Structures are given as C-alpha cells and as structure tokens.
Amino acid sequence: MSRHTASLAQPRPTHTVEDYLMSMYVMERDYGEIIAARLAEMLDVAPATVAMTLKRMERDTWITGTGRKAIHLTDTGRAAAFSVTRRHMLTEWLLVKILKVPISLTHDEAHGIEHAISPQLEERMREVLGDPQVCPHGNPFPGCEAAVAAWIPLTKLQAGETVIIRRIHEFAEDNQDILKFLVENEVIPGSHARIVEILPFNQTLTISINGKPLTLGFPVAHFVFAEQEKGSPDQSSGLR
Ligand SMILES: [Zn+2]
Ligand SMILES: [Zn+2]
C-alpha cells in the first residue's frame with residue numbers, strides 16, 4: 001500500500017522498547033554510538049533496569065554489543081526506531097495543529113499515543129499534516145537530517161548576530177523543566193533573537209528574544225539551534 005507499510009520484518013516492539021529505540025536513534029545519530037549510562041539518565045531509569053532491558057533487546061535482535069562498550073542498532077532496530085520516531089513527531093503535529101495543544105506539552109502527550117498508531121494511520125497523518133520534515137520543536141524526521149544542517153547552536157554564534165530560533169534539540173525536549181522554561185520565554189521555533197553577550201568564563205549567554213533580555217547557561221543554550229538572519233551585522237560588516 002505505501003512505502004512504509006511493510007517495512008518491519010518483526011512484530012512491533014513493546015512500548016518500553018519503542019521508548020528506548022527512539023532515544024537510541026538520537027544518540028547514535030549525534031554521538032555515533034549508544035552509551036548505556038547516558039540512556040539511563042535520559043530515560044530516567046535505574047542503570048540496572050537499563051542493563052536488563054538492553055539484554056532483552058539484544059536477544060530480540062534490536063541491538064548488538066551490550067557486552068561491550070559501544071551498543072549499536074541493528075538494521076531491524078533502526079527501522080523500528082525510525083518508525084516510532086516518525087509516529088511520535090506526526091502525533092506532535094496532530095496535537096499542535098488540530099488540537100491546539102501548546103508545544104510545551106506535546107512531547108509528553110505524544111509519548112502516550114505514538115505506540116498505538118498503525119502504518120495506515122501514520123500514512124494518513126503524513127498526508128493530512130503536509131509531509132513535515134521536522135517536528136514542532138524543529139527536530140528532523142529520520143532521513144530528513146539535511147533540513148536542519150544549517151542551524152547552529154546558540155553557543156556557536158557571535159555577539160551582535162541576529163537569528164531566528166529554529167530548533168529545541170530532542171534531549172531538551174525530553175526534559176520538562178528545560179522545555180517549559182524555553183517555551184515560557186518564547187525561545188521557540190520562529191522567534192527572532194539577537195545575541196547580546198557571550199561569557200565563556202561564566203558559561204552564560206544573553207540573548208534578546210522578541211525584544212526581551214534572557215540569560216541562558218551553556219548546557220541549555222547548546223540545545224537551542226538558530227538560523228542566522230541575512231544581513232546580520234556579523235556577516236555584512238566584513239570584519240571577519
Ligand atoms: Zn518529542
Ligand atoms: Zn518534537
């Protein structure tokens with residue numbers, strides 16, 4: 001029926017395994033490998049529980065390498081990770097566009113719904129929602145990574161540059177405190193910002209967001225990506 005309908009050779013993984021697979025996909029994409037300790041942090045689960053789940057996932061051929069340091073997704077595991085990530089992101093759009101749920105809440109709400117979506121429904125959602133390339137927080141659908149390649153973390157910008165906020169990274173999306181703080185302060189895709197001051201010795205950065213000053217620590221600012229605006233003084237001054 002569609003290019004996605006019969007893509008999985010195995011039965012669909014359990015909800016828990018799907019949650020693991022989604023985090024693993026992001027970790028492998030950004031760090032080149034999956035680290036069990038970081039997974040425990042991200043999923044907010046005890047390391048012993050993670051170790052047990054990883055053993056089961058290796059037995060069921062979603063991953064390889066649990067006995068060694070570097071864990072990787074198998075081809076089947078990656079296909080399943082892509083599938084649940086797509087369903088998660090489409091659900092977020094459904095919540096934002098149709099149900100008008102604020103983007104501080106869509107990530108957690110989508111986690112409860114994404115597992116129940118059939119391939120047929122996924123295809124329908126994709127059509128109705130206009131085949132998006134990124135989720136409402138600006139994170140790329142699997143295979144659409146090129147769509148976000150030009151967006152730069154705030155920590156890599158220079159004072160004086162003007163930007164449009166484009167992306168709140170998955171790791172920040174997953175932290176309700178960070179996500180709520182960013183949304184409340186309008187650090188969301190589409191907002192205009194100017195880099196006012198960067199203080200590396202203090203690990204802080206001050207931006208002017210929609211005209212209001214806001215200071216962020218590097219650990220959070222690192223997860224916010226922006227597009228440089230054309231005509232930004234830093235690009236046109238010819239000083240570098
Ligand atoms: Zn999400
Ligand atoms: Zn999202």
# chains A, B, ... in the order shown; residues from 1 in each chain; ligands from 1
>>> residues_around(residues="segment 173-185 of chain A", least_positions_apart="6", cutoff="12 Å", atoms="only C-alpha atoms", output="PyMOL selection string")
chain A and resi 19+22-23+26+41-44+89+92+102-111+135-139+165+167+191+193+207-217+219-224
>>> select_by_dssp(residues="segment 81-222 of chain A", states="helix (DSSP H, G or I)", output="PDB file with C-alpha atoms, in the first residue's frame")
ATOM      1  CA  ALA A  81      13.403   3.306  15.772  1.00  0.00           C
ATOM      2  CA  PHE A  82      12.671   5.344  12.635  1.00  0.00           C
ATOM      3  CA  SER A  83       9.074   4.127  12.668  1.00  0.00           C
ATOM      4  CA  VAL A  84       8.326   5.113  16.269  1.00  0.00           C
ATOM      5  CA  THR A  85      10.153   8.442  15.855  1.00  0.00           C
ATOM      6  CA  ARG A  86       8.011   9.279  12.796  1.00  0.00           C
ATOM      7  CA  ARG A  87       4.818   8.356  14.688  1.00  0.00           C
ATOM      8  CA  HIS A  88       5.952  10.460  17.655  1.00  0.00           C
ATOM      9  CA  MET A  89       6.615  13.510  15.502  1.00  0.00           C
ATOM     10  CA  LEU A  90       3.423  13.206  13.459  1.00  0.00           C
ATOM     11  CA  THR A  91       1.459  12.896  16.720  1.00  0.00           C
ATOM     12  CA  GLU A  92       3.106  16.086  17.991  1.00  0.00           C
ATOM     13  CA  TRP A  93       1.962  17.908  14.848  1.00  0.00           C
ATOM     14  CA  LEU A  94      -1.559  16.498  15.195  1.00  0.00           C
ATOM     15  CA  LEU A  95      -1.677  17.802  18.780  1.00  0.00           C
ATOM     16  CA  VAL A  96      -0.306  21.233  17.813  1.00  0.00           C
ATOM     17  CA  LYS A  97      -2.211  21.858  14.592  1.00  0.00           C
ATOM     18  CA  ILE A  98      -5.566  20.162  15.134  1.00  0.00           C
ATOM     19  CA  THR A 106       3.041  17.839  23.012  1.00  0.00           C
ATOM     20  CA  HIS A 107       6.184  15.766  23.583  1.00  0.00           C
ATOM     21  CA  ASP A 108       4.889  14.065  26.761  1.00  0.00           C
ATOM     22  CA  GLU A 109       1.364  13.677  25.362  1.00  0.00           C
ATOM     23  CA  ALA A 110       2.685  12.160  22.126  1.00  0.00           C
ATOM     24  CA  HIS A 111       4.599   9.551  24.128  1.00  0.00           C
ATOM     25  CA  GLY A 112       1.288   8.146  25.323  1.00  0.00           C
ATOM     26  CA  ILE A 113      -0.256   7.952  21.847  1.00  0.00           C
ATOM     27  CA  GLU A 114       2.556   7.143  19.380  1.00  0.00           C
ATOM     28  CA  HIS A 115       2.657   3.406  20.178  1.00  0.00           C
ATOM     29  CA  ALA A 116      -0.937   2.815  19.093  1.00  0.00           C
ATOM     30  CA  PRO A 119       1.067   2.152   9.492  1.00  0.00           C
ATOM     31  CA  GLN A 120      -2.161   3.057   7.664  1.00  0.00           C
ATOM     32  CA  LEU A 121      -2.947   5.815  10.169  1.00  0.00           C
ATOM     33  CA  GLU A 122       0.667   7.036  10.031  1.00  0.00           C
ATOM     34  CA  GLU A 123       0.385   7.419   6.245  1.00  0.00           C
ATOM     35  CA  ARG A 124      -2.914   9.296   6.591  1.00  0.00           C
ATOM     36  CA  MET A 125      -1.416  11.616   9.221  1.00  0.00           C
ATOM     37  CA  ARG A 126       1.543  12.336   6.976  1.00  0.00           C
ATOM     38  CA  GLU A 127      -0.803  13.323   4.114  1.00  0.00           C
ATOM     39  CA  VAL A 128      -3.100  15.468   6.248  1.00  0.00           C
ATOM     40  CA  GLU A 145      18.557  15.480   8.767  1.00  0.00           C
ATOM     41  CA  ALA A 146      19.646  17.754   5.895  1.00  0.00           C
ATOM     42  CA  ALA A 147      16.682  20.029   6.682  1.00  0.00           C
ATOM     43  CA  VAL A 148      18.344  21.119   9.955  1.00  0.00           C
ATOM     44  CA  LEU A 154      23.387  29.395  20.195  1.00  0.00           C
ATOM     45  CA  THR A 155      26.742  28.729  21.903  1.00  0.00           C
ATOM     46  CA  LYS A 156      28.468  28.793  18.480  1.00  0.00           C
ATOM     47  CA  GLU A 170      15.412  16.176  21.437  1.00  0.00           C
ATOM     48  CA  PHE A 171      17.466  15.995  24.659  1.00  0.00           C
ATOM     49  CA  ALA A 172      15.984  19.326  25.821  1.00  0.00           C
ATOM     50  CA  GLU A 173      12.505  18.320  24.588  1.00  0.00           C
ATOM     51  CA  GLN A 176      10.138  19.033  31.059  1.00  0.00           C
ATOM     52  CA  ASP A 177      11.877  21.742  33.163  1.00  0.00           C
ATOM     53  CA  ILE A 178      14.038  22.938  30.267  1.00  0.00           C
ATOM     54  CA  LEU A 179      11.253  22.748  27.698  1.00  0.00           C
ATOM     55  CA  LYS A 180       8.799  24.660  29.894  1.00  0.00           C
ATOM     56  CA  PHE A 181      11.404  27.348  30.637  1.00  0.00           C
ATOM     57  CA  LEU A 182      12.231  27.807  26.953  1.00  0.00           C
ATOM     58  CA  VAL A 183       8.595  27.936  25.837  1.00  0.00           C
ATOM     59  CA  GLU A 184       7.629  30.364  28.624  1.00  0.00           C
ATOM     60  CA  PRO A 200      32.536  31.692  28.227  1.00  0.00           C
ATOM     61  CA  PHE A 201      34.234  32.022  31.654  1.00  0.00           C
ATOM     62  CA  ASN A 202      30.760  32.252  33.198  1.00  0.00           C
ATOM     63  CA  PHE A 218      25.653  26.957  28.078  1.00  0.00           C
ATOM     64  CA  PRO A 219      24.209  23.499  28.907  1.00  0.00           C
ATOM     65  CA  VAL A 220      20.739  24.684  27.827  1.00  0.00           C
ATOM     66  CA  ALA A 221      21.860  27.119  25.089  1.00  0.00           C
TER      67      ALA A 221
END
>>> atom_distance(atom1="atom CA of Leu99 of chain A", atom2="atom CA of Arg166 of chain A")
22.1 Å
>>> atom_distance(atom1="atom CA of Ser118 of chain A", atom2="atom CA of Thr16 of chain A")
17.2 Å
>>> closest_residue(among="A:Leu157, A:Leu129, A:Met57, A:Ile168", to="ligand 2", atoms="only C-alpha atoms and all ligand atoms")
A:Ile168
